[in-house]
Every structure is written in structure tokens, then in C-alpha cells.
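my_file09.csv (CSV, C-alpha atoms) appears below.
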```csv
chain,number,residue,atom,x,y,z
A,209,MET,CA,213.1,130.1,118.9
A,210,ASP,CA,213.1,126.4,118.3
A,211,GLU,CA,210.8,123.7,116.8
A,212,LYS,CA,208.5,123.7,119.8
A,213,ASP,CA,208.0,127.4,119.5
A,214,LEU,CA,207.2,127.0,115.8
A,215,ARG,CA,204.7,124.2,116.5
A,216,ILE,CA,203.0,126.4,119.1
A,217,LEU,CA,202.9,129.4,116.7
A,218,LYS,CA,201.6,127.2,113.9
A,219,ALA,CA,198.9,125.8,116.3
A,220,ILE,CA,197.8,129.3,117.3
A,221,GLY,CA,197.3,130.2,113.6
A,222,THR,CA,195.5,126.9,112.8
A,223,LEU,CA,193.3,127.0,115.9
A,224,GLU,CA,192.8,130.7,115.8
A,225,SER,CA,193.3,130.5,119.6
A,226,GLY,CA,196.0,131.0,122.2
A,227,SER,CA,194.4,128.5,124.6
A,228,PRO,CA,197.1,126.4,126.2
A,229,ASP,CA,194.6,123.5,126.5
A,230,ARG,CA,193.8,123.6,122.7
A,231,ILE,CA,197.5,124.1,121.8
A,232,THR,CA,198.4,121.1,123.9
A,233,GLU,CA,195.8,119.0,122.2
A,234,GLU,CA,197.0,120.1,118.7
A,235,THR,CA,200.8,119.7,119.4
A,236,GLY,CA,201.1,117.1,122.1
A,237,ILE,CA,203.4,119.6,124.0
A,238,PRO,CA,202.7,119.5,127.7
A,239,LYS,CA,200.4,122.4,128.9
A,240,SER,CA,203.0,123.7,131.4
A,241,THR,CA,205.5,124.0,128.6
A,242,VAL,CA,203.0,125.6,126.3
A,243,HIS,CA,202.1,128.2,129.0
A,244,TYR,CA,205.8,129.0,129.7
A,245,ARG,CA,206.6,129.3,126.0
A,246,LEU,CA,203.6,131.5,125.3
A,247,GLU,CA,204.7,133.9,128.0
A,248,ARG,CA,208.3,133.9,126.6
A,249,LEU,CA,207.1,134.5,123.1
A,250,GLN,CA,205.0,137.4,124.3
A,251,GLU,CA,208.0,138.9,126.3
A,252,GLN,CA,210.1,138.6,123.1
A,253,GLY,CA,207.5,140.4,121.1
A,254,ILE,CA,206.9,137.5,118.8
A,255,ILE,CA,203.3,137.2,120.0
A,256,LYS,CA,202.0,140.8,120.1
A,257,ASN,CA,198.6,140.4,121.6
A,258,ASP,CA,195.7,138.1,122.3
A,259,ILE,CA,192.9,139.9,120.4
A,260,PHE,CA,190.2,138.2,118.4
A,261,ASP,CA,190.1,138.6,114.6
A,262,ILE,CA,187.1,140.6,113.4
A,263,ASP,CA,185.1,139.8,110.2
A,264,PHE,CA,185.1,143.3,108.7
A,265,GLU,CA,182.3,142.6,106.3
A,266,LYS,CA,180.0,141.3,109.1
A,267,ALA,CA,180.9,144.3,111.1
A,268,GLY,CA,179.7,146.6,108.3
A,269,LEU,CA,183.1,147.5,106.8
A,270,ASN,CA,182.4,145.7,103.6
A,271,LEU,CA,184.4,147.9,101.1
A,272,THR,CA,188.1,147.2,100.9
A,273,LEU,CA,190.2,149.8,99.1
A,274,ILE,CA,193.8,149.4,98.1
A,275,THR,CA,195.5,152.7,97.5
A,276,GLU,CA,198.9,153.4,96.0
A,277,VAL,CA,200.4,156.7,97.1
A,278,TRP,CA,203.2,158.7,95.5
A,279,ALA,CA,204.9,161.3,97.7
A,280,GLU,CA,207.5,164.0,97.4
A,281,TYR,CA,210.9,162.6,98.3
A,282,GLY,CA,212.7,164.2,101.2
A,283,SER,CA,214.7,163.3,104.3
A,284,GLU,CA,212.8,160.8,106.5
A,285,TYR,CA,209.7,161.3,104.3
A,286,HIS,CA,208.8,157.7,104.5
A,287,LYS,CA,208.3,158.0,108.3
A,288,GLU,CA,206.7,161.4,108.2
A,289,VAL,CA,204.3,160.7,105.4
A,290,GLY,CA,203.7,157.2,106.6
A,291,ASP,CA,202.7,158.4,110.0
A,292,LYS,CA,200.3,161.0,108.5
A,293,LEU,CA,198.7,158.3,106.3
A,294,GLY,CA,198.3,156.0,109.2
A,295,GLU,CA,196.4,158.7,111.1
A,296,VAL,CA,193.7,158.9,108.3
A,297,PRO,CA,190.4,157.4,109.6
A,298,GLY,CA,189.8,154.1,107.8
A,299,VAL,CA,193.4,153.4,106.8
A,300,ASN,CA,194.2,150.0,108.4
A,301,GLN,CA,197.6,149.2,106.9
A,302,VAL,CA,200.4,151.4,105.6
A,303,TYR,CA,203.3,149.9,103.7
A,304,PHE,CA,206.4,151.9,102.5
A,305,THR,CA,207.5,150.2,99.3
A,306,LEU,CA,210.3,150.1,96.8
A,307,GLY,CA,209.5,150.7,93.1
A,308,ASP,CA,207.4,153.3,91.4
A,309,THR,CA,204.9,153.5,94.3
A,310,ASP,CA,206.0,155.0,97.6
A,311,PHE,CA,203.2,153.6,99.8
A,312,VAL,CA,200.5,151.0,99.6
A,313,LEU,CA,197.5,151.4,101.9
A,314,ILE,CA,194.7,149.0,102.8
A,315,SER,CA,191.4,150.5,104.1
A,316,HIS,CA,188.2,148.9,105.2
A,317,LEU,CA,185.2,151.2,104.8
A,318,ALA,CA,181.4,151.0,105.1
A,319,SER,CA,180.3,153.3,102.3
A,320,ARG,CA,181.2,155.3,99.2
A,321,GLY,CA,180.9,158.4,101.3
A,322,MET,CA,183.6,157.1,103.6
A,323,VAL,CA,185.8,156.5,100.4
A,324,GLU,CA,185.2,160.1,99.4
A,325,ASP,CA,186.2,161.3,102.9
A,326,LEU,CA,189.3,159.1,102.8
A,327,ILE,CA,190.4,160.6,99.5
A,328,SER,CA,189.7,164.1,100.8
A,329,GLU,CA,192.0,163.4,103.8
A,330,PHE,CA,194.7,162.3,101.4
A,331,GLU,CA,194.4,165.5,99.5
A,332,GLU,CA,195.1,167.4,102.7
A,333,ILE,CA,198.5,165.9,103.1
A,334,ASP,CA,200.9,168.3,101.4
A,335,GLU,CA,203.6,165.7,100.7
A,336,ILE,CA,201.3,163.5,98.6
A,337,SER,CA,201.7,164.1,94.9
A,338,ARG,CA,199.3,161.5,93.6
A,339,THR,CA,197.1,158.5,94.7
A,340,SER,CA,195.4,155.6,92.8
A,341,SER,CA,192.8,153.6,94.5
A,342,THR,CA,191.3,150.2,93.6
A,343,PHE,CA,188.1,148.6,95.0
A,344,VAL,CA,188.4,145.0,95.9
A,345,ILE,CA,185.5,143.1,94.3
A,346,THR,CA,186.0,139.7,95.8
A,347,THR,CA,188.5,138.6,98.5
A,348,ILE,CA,190.1,135.3,97.3
A,349,LYS,CA,192.4,134.8,100.3
A,350,ASP,CA,192.7,136.8,103.5
A,351,GLU,CA,195.0,134.8,105.9
A,352,PRO,CA,195.7,136.8,109.0
A,353,ASN,CA,198.5,134.5,110.1
A,354,PRO,CA,201.2,134.0,107.5
A,355,LEU,CA,202.5,130.9,109.4
A,356,ASN,CA,199.4,129.1,108.1
A,357,ASP,CA,200.8,129.4,104.6
A,358,TYR,CA,203.6,127.0,105.3
A,359,GLU,CA,204.0,123.4,106.4
A,360,LEU,CA,206.0,123.0,109.7
A,361,GLU,CA,209.0,121.5,107.9
A,362,GLU,CA,209.2,124.6,105.6
A,363,LEU,CA,209.1,126.9,108.6
A,364,LYS,CA,211.9,124.9,110.3
A,365,ASP,CA,214.1,125.0,107.2
A,366,ALA,CA,213.6,128.8,106.8
A,367,LEU,CA,213.6,130.0,110.4
A,368,LEU,CA,215.7,127.6,112.5
A,369,PRO,CA,219.5,127.4,112.3
A,370,ASP,CA,220.9,124.3,110.6
A,371,VAL,CA,222.7,122.4,113.4
A,372,SER,CA,224.0,119.6,111.2
```

Turn the structure described in the file into C-alpha cells.
Amino acid sequence: MDEKDLRILKAIGTLESGSPDRITEETGIPKSTVHYRLERLQEQGIIKNDIFDIDFEKAGLNLTLITEVWAEYGSEYHKEVGDKLGEVPGVNQVYFTLGDTDFVLISHLASRGMVEDLISEFEEIDEISRTSSTFVITTIKDEPNPLNDYELEELKDALLPDVS
């Protein structure tokens, strides 16, 4: 990855589009170069897909729940329990964490009934010893592309080798 790749990735986040025409306009990188590099970034797995972001609230999933999960320690438990948690309907993100909590989950749900169903599903997983869920009242920031949180120079310093 080099500076052009970073500029392309940053443009994708800023524009919320993978259109080579729009990326060329944003970066000044020739369209043929943008197209080639997009393909290469996809082959390398850096760009995972080309789906559109969905506004969960407008789609009716207006309750966001953050759940901490404590599980019984065992060999490969993080993978086994994590997979089970990821299969629960409504769970969108599963993070295995260090510290007092074993997992943090993010769920987007449409109703309190769905919350009750979610908690019931958690209770069915034998390895879970305890959960604690918190309702999000107001989303202050929800940036789907972490590259948008940095200036290009910060990304270059952090991600590109120093060739001085």
C-alpha cells in the first residue's frame, strides 16, 4: 500500500462511493489508475465489498443495544462462544475483549419485544454466565469508515513505511 492507495481509500470514505469517476475528481489520480488500484485493493482484501450503508433507524431498526457478555473460560471459548453469539438474530457485531468483560455486542433492533427475544437467546447459550445490556439513547457519532477520522498525513505516518 502506498500514498495513492491511502488517498483512494480516504476518498471512498469521504465520498461514500467507490465510483472511479468520483474518486478521480476527489484525488486527481487518473481514472485508469484508480480502477486498477481498486481491483488490487479488492484482491488484497483491503476493500471487502461494494455494498451501500443502510440507515438502521430509517429502516425501522431504531433501538441500539450494547451488551457486555461474561462467559465461562475454556479452550477456544472465545471462538466457540463468539460464533454462537454471532448467530443470534439481531446481533450485528461481536467483539472478543480483554479485561473484565469477555465480549461486547452491538445489536440493532426494532422493538422491546425483539430485545426480550435477544436476551432469551443469550440465556440459551450454556457458556454464558452473565450479560449486561445498555440502550443507546442518542448516537453522537457513527462513522462507518475509520479512515475518515484521520487526516491523510496522519494515515501516511501511521501506515506507510518511513523511507527516509

Which residues of range 214-273 of chain A come within 10 Å of range 334-351 of chain A, and for each one, what is the closest pair of atoms and their distance in Å to one decimal, counting all atoms listed in the file, sorted by chain and residue number, as JSON lines?
```
{"residue": "A:Gly221", "atom": "CA", "partner": "A:Glu351", "partner_atom": "CA", "distance": 9.3}
{"residue": "A:Asn270", "atom": "CA", "partner": "A:Val344", "partner_atom": "CA", "distance": 9.8}
{"residue": "A:Leu271", "atom": "CA", "partner": "A:Phe343", "partner_atom": "CA", "distance": 7.2}
{"residue": "A:Thr272", "atom": "CA", "partner": "A:Val344", "partner_atom": "CA", "distance": 5.5}
{"residue": "A:Leu273", "atom": "CA", "partner": "A:Phe343", "partner_atom": "CA", "distance": 4.8}
```

Okay, now the selection with C-alpha atoms, as a short mmCIF file (atom, residue, chain, number, x, y, z; two decimals), in the coordinates of the input?
```
data_model
loop_
_atom_site.label_atom_id
_atom_site.label_comp_id
_atom_site.auth_asym_id
_atom_site.auth_seq_id
_atom_site.Cartn_x
_atom_site.Cartn_y
_atom_site.Cartn_z
CA GLY A 221 197.30 130.20 113.60
CA ASN A 270 182.40 145.70 103.60
CA LEU A 271 184.40 147.90 101.10
CA THR A 272 188.10 147.20 100.90
CA LEU A 273 190.20 149.80 99.10
#
```

Neighbour list for Glu280 in chain A as a VMD selection string, cut-off 12 Å, only C-alpha atoms, skip fewer than 2 positions in-chain = chain A and resid 277 to 278 282 to 286 288 to 289 309 to 311 333 to 338

Could those residues be written to a file, using C-alpha atoms, as a CSV table (one decimal), keeping the file's coordinate frame?
```
chain,number,residue,atom,x,y,z
A,277,VAL,CA,200.4,156.7,97.1
A,278,TRP,CA,203.2,158.7,95.5
A,282,GLY,CA,212.7,164.2,101.2
A,283,SER,CA,214.7,163.3,104.3
A,284,GLU,CA,212.8,160.8,106.5
A,285,TYR,CA,209.7,161.3,104.3
A,286,HIS,CA,208.8,157.7,104.5
A,288,GLU,CA,206.7,161.4,108.2
A,289,VAL,CA,204.3,160.7,105.4
A,309,THR,CA,204.9,153.5,94.3
A,310,ASP,CA,206.0,155.0,97.6
A,311,PHE,CA,203.2,153.6,99.8
A,333,ILE,CA,198.5,165.9,103.1
A,334,ASP,CA,200.9,168.3,101.4
A,335,GLU,CA,203.6,165.7,100.7
A,336,ILE,CA,201.3,163.5,98.6
A,337,SER,CA,201.7,164.1,94.9
A,338,ARG,CA,199.3,161.5,93.6
```

Just the residues within 9 Å of Pro369 in chain A, please, counting all atoms listed in the file, with nothing from its chain fewer than 4 positions along; format it as a PyMOL selection string.
-> chain A and resi 210+364-365

Same residues, C-alpha atoms, output as a PDB file, keeping the file's coordinate frame:
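part-v4.pdb, freshly written:
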```
ATOM      1  CA  ASP A 210     213.100 126.400 118.300  1.00  0.00           C
ATOM      2  CA  LYS A 364     211.900 124.900 110.300  1.00  0.00           C
ATOM      3  CA  ASP A 365     214.100 125.000 107.200  1.00  0.00           C
TER       4      ASP A 365
END
```

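For the pair CA of Leu306 in chain A and CA of Ile327 in chain A, the interatomic distance is 22.7 Å.
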
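You will find CA of Ile314 in chain A at 23.9 Å from CA of Gly253 in chain A.
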
Please check which residues have atoms at most 10 Å from (196.3, 129.2, 116.9) in the file's coordinates, counting only C-alpha atoms, and write them as an MDAnalysis selection string.
-> chainID A and resid 215:228 230:231 234 353 355:356

Could you jot down the CA of Pro352 in chain A to CA of Phe264 in chain A separation for me, Å, one decimal place?
-> 12.4 Å
